[in-house]
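K.L.:
Take a look at this one; I'll ask things after.
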Amino acid sequence: MEQENQTSVSTFILLGLSNITHLQALYFLLFLGIYTITLSGNVLLIVVVRADSQLHTPMYFFLSNLSFIDICFSSTIVPKLLANTLSQDKSISFLGCASQMYFSLALGATECIVLAVMAYDRYVAICNPLRYQIIMNKTLCLCLAASAWTVSFLNSVIHATFTFQLPYCRSNRVNHYFCEMPPLFRLSCRDTFFNEVAVYISGGLIALCSFVLTIISYIHIISNILKIRSSKGRYKAFSTCASHITVVSLYYGAIMFMYLRPRHSYSPDRDRAVSILYTVVTPMLNPIIYSIRNKDVKGSLKKKLSPTVCK
């Protein structure tokens, strides 16, 4: 008990992207560019969906949710990462670290659930097109979105509470770019088995269940697409899902690698690279993928960006 009382920390030290001076500037500019693209791309997608009444459908409602999540997710991590890359002071307060972990975990879980909901939306649209408007009504969409946000933020409260009640006696230097559970567990002088079991349970309930529901939806979708006799019809049906499949593959792959793997396979260098993928790169790619692959979004963008013709 005495040891634990003596080991409470008030700040943590995070890593920057590099300790080499010329690489610091290069990485700073690169990640600043990525962050700028992330913000502008996702904001533009939200504005286009809200401005075009033809895009006021369940699919674009959830796509707007996804864009908002990506903005918040990236903003929780990247600004501090950029500051740490150039600054000599790479410290973050205990409360700041807890807040960063809480919001990044909550937003990550929300994205998992929203991606599963989007898969269900595509399933209904392709497998039950005549009942689509009845099933995916406004009330259901709002309930699904609200449930995703509520469950994820409540789940994050539990993990943040358990994680930051641990005594940190080994060091206050986090071998990571931001405050995340696996590297924080390595700093505790108490056995973190209970915390890791909690991560596996919540990961199974949220990430793995969402992924399984997504796979089940796409099994039904693909089986229905294969029944379409026209090759043009099959291509059109599949093209509406291609963007979502790409995003799901990128995001779930990184998340499950980070949180749902054996304890002994922990590798700081590899984990930092994977975390960059789902916290920095994926939020930038999402609006690009959906815009490039989506004729409705491209058409709406062209209308909004084209010069007004004077009558």
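Convention: chains lettered A, B, ... in structure tokens order; per-chain residue numbering from 1; ligands numbered from 1 as shown.
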DSSP says helix (DSSP H, G or I) for which residues of region 11-230 of chain A? Put them as a ChimeraX atom specification?

P.N.:
/A:21-51,53-55,58-86,94-127,129-135,138-163,181-185,193-226

K.L.:
Taking only C-alpha atoms into account, produce a table as JSON lines in which each residue of region 73-185 of chain A with an atom at most 12 Å from an atom of region 21-28 of chain A appears once, together with its shortest atom pair and the distance in Å to one decimal, ordered by chain and rising number.

P.N.:
{"residue": "A:Val78", "atom": "CA", "partner": "A:Phe28", "partner_atom": "CA", "distance": 10.2}
{"residue": "A:Pro79", "atom": "CA", "partner": "A:Phe28", "partner_atom": "CA", "distance": 10.3}
{"residue": "A:Lys80", "atom": "CA", "partner": "A:Phe28", "partner_atom": "CA", "distance": 11.3}
{"residue": "A:Leu81", "atom": "CA", "partner": "A:Phe28", "partner_atom": "CA", "distance": 8.8}
{"residue": "A:Leu82", "atom": "CA", "partner": "A:Phe28", "partner_atom": "CA", "distance": 5.9}
{"residue": "A:Ala83", "atom": "CA", "partner": "A:Phe28", "partner_atom": "CA", "distance": 8.6}
{"residue": "A:Asn84", "atom": "CA", "partner": "A:Phe28", "partner_atom": "CA", "distance": 9.5}
{"residue": "A:Thr85", "atom": "CA", "partner": "A:Gln24", "partner_atom": "CA", "distance": 6.0}
{"residue": "A:Leu86", "atom": "CA", "partner": "A:Gln24", "partner_atom": "CA", "distance": 6.3}
{"residue": "A:Ser87", "atom": "CA", "partner": "A:Gln24", "partner_atom": "CA", "distance": 9.7}
{"residue": "A:Gln88", "atom": "CA", "partner": "A:Thr21", "partner_atom": "CA", "distance": 11.3}

K.L.:
Find the residue from A:Leu14, A:Leu95, A:Ile126, A:Ile37 that sits nearest to His220 (chain A); use only C-alpha atoms when measuring.

P.N.:
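Closest to His220 (chain A), using only C-alpha atoms: A:Ile126.
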
K.L.:
Choose the residue, out of A:Leu285, A:Leu208, A:Ala109, A:Val197, that has the smallest atom-to-atom separation from Leu154 (chain A); count only C-alpha atoms.

P.N.:
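Looking at the shortest contact to Leu154 (chain A), the residue is A:Ala109.
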
K.L.:
Please report the interatomic distance between CA of Ala119 (chain A) and CA of Ser217 (chain A) in Å with one decimal.

P.N.:
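The value is 6.1 Å.
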
K.L.:
So which one's closest to Ser40 (chain A), A:Ser300, A:Ser275, A:Ser147, A:Asn286? Using only C-alpha atoms, please.

P.N.:
A:Asn286

K.L.:
What is the CA of Arg173 (chain A) to CA of Ile13 (chain A) distance in Å?

P.N.:
4.6 Å

K.L.:
So which bits of region 55-218 of chain A end up strand (DSSP E or B) when you DSSP the backbone, as an mmCIF file with all heavy atoms, in the first residue's frame?

P.N.:
data_model
loop_
_atom_site.group_PDB
_atom_site.id
_atom_site.type_symbol
_atom_site.label_atom_id
_atom_site.label_comp_id
_atom_site.auth_asym_id
_atom_site.auth_seq_id
_atom_site.Cartn_x
_atom_site.Cartn_y
_atom_site.Cartn_z
ATOM 1 N N SER A 91 5.148 16.363 -22.276
ATOM 2 C CA SER A 91 4.326 15.904 -21.153
ATOM 3 C C SER A 91 2.842 16.146 -21.428
ATOM 4 O O SER A 91 2.461 17.021 -22.202
ATOM 5 C CB SER A 91 4.730 16.630 -19.869
ATOM 6 O OG SER A 91 4.474 18.015 -19.974
ATOM 7 N N ILE A 92 2.033 15.330 -20.778
ATOM 8 C CA ILE A 92 0.586 15.496 -20.783
ATOM 9 C C ILE A 92 0.110 15.242 -19.358
ATOM 10 O O ILE A 92 0.605 14.328 -18.693
ATOM 11 C CB ILE A 92 -0.097 14.541 -21.791
ATOM 12 C CG1 ILE A 92 -1.607 14.786 -21.843
ATOM 13 C CG2 ILE A 92 0.203 13.073 -21.478
ATOM 14 C CD1 ILE A 92 -2.315 14.013 -22.964
ATOM 15 N N SER A 93 -0.802 16.063 -18.876
ATOM 16 C CA SER A 93 -1.258 15.918 -17.499
ATOM 17 C C SER A 93 -2.004 14.606 -17.307
ATOM 18 O O SER A 93 -2.463 13.989 -18.274
ATOM 19 C CB SER A 93 -2.168 17.093 -17.123
ATOM 20 O OG SER A 93 -3.387 17.027 -17.841
ATOM 21 N N ARG A 173 6.808 7.464 -18.510
ATOM 22 C CA ARG A 173 7.087 7.595 -19.937
ATOM 23 C C ARG A 173 6.285 6.545 -20.713
ATOM 24 O O ARG A 173 6.567 5.352 -20.618
ATOM 25 C CB ARG A 173 8.580 7.441 -20.222
ATOM 26 C CG ARG A 173 9.414 8.578 -19.649
ATOM 27 C CD ARG A 173 10.886 8.442 -20.000
ATOM 28 N NE ARG A 173 11.621 9.606 -19.546
ATOM 29 C CZ ARG A 173 11.755 10.737 -20.241
ATOM 30 N NH1 ARG A 173 11.203 10.831 -21.438
ATOM 31 N NH2 ARG A 173 12.432 11.755 -19.745
#

K.L.:
So which one's closest to Leu250 (chain A), A:Leu130, A:Leu55, A:Val48, A:Cys112? Using only C-alpha atoms, please.

P.N.:
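When distances to Leu250 (chain A) are compared using only C-alpha atoms, the smallest one comes from A:Cys112.
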
K.L.:
A:Leu15, A:Leu277, A:Val114, A:Ile225: which is nearest Ser210 (chain A), counting only C-alpha atoms?

P.N.:
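Result for the nearest residue to Ser210 (chain A): A:Val114.
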
K.L.:
Given only C-alpha atoms as the basis, pick out the residue of A:Val212, A:Leu226, A:Ile221, A:Val124 nearest to Met59 (chain A).

P.N.:
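Smallest distance to Met59 (chain A) is found for A:Val124.
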
K.L.:
As an exercise, work out the distance from CA of Leu105 (chain A) to CA of Ala207 (chain A) in Å and give it to one decimal place.

P.N.:
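If I compute the distance from CA of Leu105 (chain A) to CA of Ala207 (chain A), I get 11.4 Å.
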
K.L.:
Which residues of region 163-190 of chain A come within 10 Å of region 74-77 of chain A, and what is each one's closest atom pair and distance in Å (one decimal), counting only C-alpha atoms, sorted by chain and residue number, as JSON lines?

P.N.:
{"residue": "A:Tyr177", "atom": "CA", "partner": "A:Ile77", "partner_atom": "CA", "distance": 8.4}
{"residue": "A:Phe178", "atom": "CA", "partner": "A:Ile77", "partner_atom": "CA", "distance": 6.6}
{"residue": "A:Cys179", "atom": "CA", "partner": "A:Ile77", "partner_atom": "CA", "distance": 8.8}
